[in-house]
>>> print(open('start.cif').read())   # mmCIF, C-alpha atoms
data_structure
loop_
_atom_site.group_PDB
_atom_site.id
_atom_site.type_symbol
_atom_site.label_atom_id
_atom_site.label_comp_id
_atom_site.auth_asym_id
_atom_site.auth_seq_id
_atom_site.Cartn_x
_atom_site.Cartn_y
_atom_site.Cartn_z
ATOM 1 C CA MET A 199 150.912 158.866 -31.187
ATOM 2 C CA SER A 200 149.701 162.370 -30.539
ATOM 3 C CA ASP A 201 148.504 163.855 -27.281
ATOM 4 C CA MET A 202 144.933 163.928 -28.591
ATOM 5 C CA THR A 203 144.630 160.160 -28.241
ATOM 6 C CA LYS A 204 145.230 160.550 -24.508
ATOM 7 C CA THR A 205 142.413 163.059 -24.088
ATOM 8 C CA THR A 206 139.406 161.481 -22.437
ATOM 9 C CA SER A 207 137.181 164.524 -21.993
ATOM 10 C CA ALA A 208 137.034 165.500 -25.665
ATOM 11 C CA SER A 209 134.098 164.319 -27.732
ATOM 12 C CA PRO A 210 134.700 161.692 -30.427
ATOM 13 C CA SER A 211 133.739 164.237 -33.097
ATOM 14 C CA SER A 212 136.286 166.756 -31.829
ATOM 15 C CA LEU A 213 138.953 164.039 -31.720
ATOM 16 C CA ILE A 214 138.181 163.165 -35.347
ATOM 17 C CA ASP A 215 138.397 166.886 -36.215
ATOM 18 C CA ALA A 216 141.805 166.979 -34.526
ATOM 19 C CA ARG A 217 142.983 163.858 -36.386
ATOM 20 C CA ILE A 218 142.017 165.416 -39.719
ATOM 21 C CA GLU A 219 143.912 168.583 -38.816
ATOM 22 C CA GLU A 220 146.881 166.623 -37.462
ATOM 23 C CA LEU A 221 147.232 164.651 -40.712
ATOM 24 C CA GLY A 222 147.319 167.939 -42.585
ATOM 25 C CA ASP A 223 147.852 166.424 -46.030
ATOM 26 C CA TRP A 224 145.845 164.447 -48.598
ATOM 27 C CA ARG A 225 145.029 161.908 -45.872
ATOM 28 C CA GLY A 226 143.290 164.546 -43.759
ATOM 29 C CA ALA A 227 141.404 165.842 -46.776
ATOM 30 C CA THR A 228 140.377 162.300 -47.743
ATOM 31 C CA LEU A 229 139.259 161.437 -44.213
ATOM 32 C CA ALA A 230 137.250 164.681 -44.048
ATOM 33 C CA HIS A 231 135.661 163.923 -47.424
ATOM 34 C CA VAL A 232 134.564 160.368 -46.567
ATOM 35 C CA ARG A 233 133.388 161.564 -43.159
ATOM 36 C CA ALA A 234 131.128 164.124 -44.850
ATOM 37 C CA LEU A 235 129.808 161.450 -47.205
ATOM 38 C CA ILE A 236 129.078 159.092 -44.280
ATOM 39 C CA LYS A 237 127.263 161.818 -42.342
ATOM 40 C CA ALA A 238 125.231 162.769 -45.413
ATOM 41 C CA ALA A 239 124.361 159.132 -46.148
ATOM 42 C CA VAL A 240 123.218 158.385 -42.584
ATOM 43 C CA PRO A 241 122.359 161.709 -40.915
ATOM 44 C CA ASP A 242 121.909 160.160 -37.451
ATOM 45 C CA VAL A 243 125.243 158.324 -37.563
ATOM 46 C CA THR A 244 127.211 158.335 -34.323
ATOM 47 C CA GLU A 245 130.915 159.108 -34.326
ATOM 48 C CA GLU A 246 133.095 157.212 -31.894
ATOM 49 C CA TRP A 247 136.817 157.162 -31.054
ATOM 50 C CA LYS A 248 138.024 153.638 -30.296
ATOM 51 C CA TRP A 249 141.107 151.483 -30.015
ATOM 52 C CA ARG A 250 143.467 154.290 -29.033
ATOM 53 C CA GLY A 251 142.671 156.603 -31.876
ATOM 54 C CA VAL A 252 140.495 155.137 -34.613
ATOM 55 C CA PRO A 253 137.519 157.118 -35.918
ATOM 56 C CA VAL A 254 134.438 154.880 -36.018
ATOM 57 C CA TRP A 255 131.014 155.550 -37.498
ATOM 58 C CA GLU A 256 128.096 153.642 -36.001
ATOM 59 C CA HIS A 257 124.399 153.198 -36.574
ATOM 60 C CA ASN A 258 122.973 150.280 -34.552
ATOM 61 C CA GLY A 259 126.504 148.864 -34.694
ATOM 62 C CA ILE A 260 129.697 149.714 -36.518
ATOM 63 C CA ILE A 261 129.325 150.864 -40.116
ATOM 64 C CA CYS A 262 133.021 151.448 -40.725
ATOM 65 C CA THR A 263 136.288 152.667 -39.265
ATOM 66 C CA GLY A 264 138.622 155.267 -40.753
ATOM 67 C CA GLU A 265 142.228 154.387 -40.056
ATOM 68 C CA SER A 266 145.074 156.539 -41.309
ATOM 69 C CA TYR A 267 148.379 155.086 -42.451
ATOM 70 C CA LYS A 268 151.429 156.627 -44.102
ATOM 71 C CA ASN A 269 150.233 155.737 -47.595
ATOM 72 C CA ALA A 270 146.492 155.148 -47.203
ATOM 73 C CA ILE A 271 143.213 155.862 -45.516
ATOM 74 C CA LYS A 272 141.612 152.483 -44.762
ATOM 75 C CA LEU A 273 137.848 152.326 -44.405
ATOM 76 C CA THR A 274 136.998 148.959 -42.879
ATOM 77 C CA PHE A 275 133.348 147.944 -43.008
ATOM 78 C CA ALA A 276 132.565 145.703 -40.035
ATOM 79 C CA LYS A 277 130.118 143.518 -42.000
ATOM 80 C CA GLY A 278 131.416 144.296 -45.471
ATOM 81 C CA ALA A 279 131.401 140.679 -46.667
ATOM 82 C CA ALA A 280 127.598 140.696 -46.324
ATOM 83 C CA LEU A 281 127.184 143.824 -48.484
ATOM 84 C CA ASP A 282 126.644 143.981 -52.226
ATOM 85 C CA ASP A 283 129.424 146.006 -53.840
ATOM 86 C CA PRO A 284 128.428 146.340 -57.505
ATOM 87 C CA ALA A 285 130.873 149.233 -58.056
ATOM 88 C CA GLY A 286 133.800 147.194 -56.695
ATOM 89 C CA LEU A 287 134.783 149.709 -54.022
ATOM 90 C CA PHE A 288 136.187 147.068 -51.693
ATOM 91 C CA ASN A 289 139.845 146.559 -52.547
ATOM 92 C CA ALA A 290 141.330 145.232 -49.293
ATOM 93 C CA SER A 291 140.615 142.495 -46.734
ATOM 94 C CA LEU A 292 138.810 140.624 -49.491
ATOM 95 C CA ASP A 293 139.552 137.148 -48.171
ATOM 96 C CA GLY A 294 137.992 137.670 -44.742
ATOM 97 C CA ASN A 295 134.697 136.127 -43.746
ATOM 98 C CA VAL A 296 133.175 139.256 -42.244
ATOM 99 C CA ARG A 297 135.023 142.521 -42.906
ATOM 100 C CA ARG A 298 135.880 144.278 -46.147
ATOM 101 C CA ALA A 299 137.927 147.438 -46.601
ATOM 102 C CA ILE A 300 138.498 150.262 -49.016
ATOM 103 C CA ASP A 301 142.085 151.530 -49.181
ATOM 104 C CA LEU A 302 142.294 155.072 -50.535
ATOM 105 C CA HIS A 303 145.658 156.378 -51.692
ATOM 106 C CA ASP A 304 146.786 159.864 -52.672
ATOM 107 C CA GLY A 305 144.834 160.925 -55.741
ATOM 108 C CA ASP A 306 142.369 158.019 -55.724
ATOM 109 C CA PRO A 307 138.918 159.136 -56.839
ATOM 110 C CA ILE A 308 135.917 158.290 -54.669
ATOM 111 C CA ASP A 309 132.746 157.137 -56.403
ATOM 112 C CA GLU A 310 130.502 159.187 -54.126
ATOM 113 C CA MET A 311 127.225 157.629 -55.232
ATOM 114 C CA ALA A 312 128.510 154.066 -54.802
ATOM 115 C CA PHE A 313 130.174 154.900 -51.477
ATOM 116 C CA THR A 314 126.994 156.530 -50.162
ATOM 117 C CA ALA A 315 124.971 153.464 -51.200
ATOM 118 C CA LEU A 316 127.476 151.186 -49.451
ATOM 119 C CA VAL A 317 127.295 153.209 -46.217
ATOM 120 C CA ARG A 318 123.494 153.177 -46.298
ATOM 121 C CA ALA A 319 123.475 149.430 -46.942
ATOM 122 C CA ALA A 320 125.820 148.865 -43.987
ATOM 123 C CA ALA A 321 123.562 150.926 -41.706
ATOM 124 C CA ALA A 322 120.487 149.057 -42.968
ATOM 125 C CA LEU A 323 122.197 145.719 -42.368
ATOM 126 C CA ASN A 324 122.955 146.728 -38.779
ATOM 127 C CA THR A 325 119.322 147.733 -38.263
ATOM 128 C CA THR A 326 118.058 144.467 -39.783
ATOM 129 C CA LYS A 327 120.401 142.393 -37.621
ATOM 130 C CA LYS A 328 119.298 144.224 -34.464
ATOM 131 C CA ARG A 329 115.598 143.594 -35.135
ATOM 132 C CA LYS A 330 115.955 139.830 -35.523
#
>>> encode(input="start.cif", output="structure tokens")
Amino acid sequence: MSDMTKTTSASPSSLIDARIEELGDWRGATLAHVRALIKAAVPDVTEEWKWRGVPVWEHNGIICTGESYKNAIKLTFAKGAALDDPAGLFNASLDGNVRRAIDLHDGDPIDEMAFTALVRAAAALNTTKKRK
């Protein structure tokens, strides 16, 4: 674990910037790409840094996390099981009752339109749940 996970005074956004730079390979580029898509999909999204070094995007609750592993970037949607996924982006954690995940590997294409729709749907679901 890097020293950046021990830093408490840095903002979550700067810690995510540092993680992207620290990865320095396709994983960093992929994390930066999905981060840009998330921020474009939900402009008032909040970035958080939780669980000792996991980037988290929130809007009235968690939309998704962005974990980095040796062979994948895992985007776990907190309420993914409740989301329609007509493009079939979810490819991991499919047997859970609540969460769903997208594992991205080196060279995997990202369906930007479908991903953006999924992020917006997750944010809308959080907003709907909060109002009830």
>>> closest_residue(input="start.cif", among="A:Trp224, A:Ala319, A:Asp306, A:Val243", to="A:Ala279", atoms="all atoms listed in the file")
A:Ala319
>>> atom_distance(input="start.cif", atom1="atom CA of A:Leu221", atom2="atom CA of A:Asp283")
28.9 Å
>>> closest_residue(input="start.cif", among="A:Leu316, A:Met311, A:Arg217, A:Thr244", to="A:Tyr267", atoms="all atoms listed in the file")
A:Arg217
>>> atom_distance(input="start.cif", atom1="atom CA of A:Ile218", atom2="atom CA of A:Leu281")
27.6 Å
>>> closest_residue(input="start.cif", among="A:Leu287, A:Val296, A:Ala239, A:Val254", to="A:Ala315", atoms="all atoms listed in the file")
A:Ala239
>>> residues_around(input="start.cif", residues="A:Ala285", least_positions_apart="4", cutoff="9 Å", atoms="all atoms listed in the file", output="JSON, numbers by chain")
{"A": [309, 312, 313]}
>>> resolve_selection(input="start.cif", expression="the PyMOL selection byres ((chain A and resi 304) around 8)", output="PyMOL selection string")
chain A and resi 224-225+269-270+302-303+305-306
>>> closest_residue(input="start.cif", among="A:Asp223, A:Asp215, A:His231, A:Cys262", to="A:Pro307", atoms="all atoms listed in the file")
A:His231
>>> resolve_selection(input="start.cif", expression="the PyMOL selection byres ((chain A and resi 242) around 12)", output="MDAnalysis selection string")
chainID A and resid 236:241 243:245 255:258 318 321
>>> write_last_selection(input="start.cif", atoms="C-alpha atoms", output="CSV table (one decimal), keeping the file's coordinate frame")
chain,number,residue,atom,x,y,z
A,236,ILE,CA,129.1,159.1,-44.3
A,237,LYS,CA,127.3,161.8,-42.3
A,238,ALA,CA,125.2,162.8,-45.4
A,239,ALA,CA,124.4,159.1,-46.1
A,240,VAL,CA,123.2,158.4,-42.6
A,241,PRO,CA,122.4,161.7,-40.9
A,243,VAL,CA,125.2,158.3,-37.6
A,244,THR,CA,127.2,158.3,-34.3
A,245,GLU,CA,130.9,159.1,-34.3
A,255,TRP,CA,131.0,155.6,-37.5
A,256,GLU,CA,128.1,153.6,-36.0
A,257,HIS,CA,124.4,153.2,-36.6
A,258,ASN,CA,123.0,150.3,-34.6
A,318,ARG,CA,123.5,153.2,-46.3
A,321,ALA,CA,123.6,150.9,-41.7
>>> closest_residue(input="start.cif", among="A:Ser212, A:Ala299, A:Gly259, A:Glu220", to="A:Thr326", atoms="only C-alpha atoms")
A:Gly259
>>> closest_residue(input="start.cif", among="A:Leu235, A:Ala280, A:Leu229, A:Val252", to="A:Pro210", atoms="only C-alpha atoms")
A:Val252
>>> atom_distance(input="start.cif", atom1="atom CA of A:Pro253", atom2="atom CA of A:Pro284")
25.8 Å
>>> resolve_selection(input="start.cif", expression="the PyMOL selection byres ((chain A and resi 300) around 8)", output="PDB file with C-alpha atoms, in the coordinates of the input")
ATOM      1  CA  LYS A 272     141.612 152.483 -44.762  1.00  0.00           C
ATOM      2  CA  LEU A 273     137.848 152.326 -44.405  1.00  0.00           C
ATOM      3  CA  THR A 274     136.998 148.959 -42.879  1.00  0.00           C
ATOM      4  CA  LEU A 287     134.783 149.709 -54.022  1.00  0.00           C
ATOM      5  CA  PHE A 288     136.187 147.068 -51.693  1.00  0.00           C
ATOM      6  CA  ASN A 289     139.845 146.559 -52.547  1.00  0.00           C
ATOM      7  CA  ALA A 290     141.330 145.232 -49.293  1.00  0.00           C
ATOM      8  CA  ARG A 298     135.880 144.278 -46.147  1.00  0.00           C
ATOM      9  CA  ALA A 299     137.927 147.438 -46.601  1.00  0.00           C
ATOM     10  CA  ASP A 301     142.085 151.530 -49.181  1.00  0.00           C
ATOM     11  CA  LEU A 302     142.294 155.072 -50.535  1.00  0.00           C
TER      12      LEU A 302
END
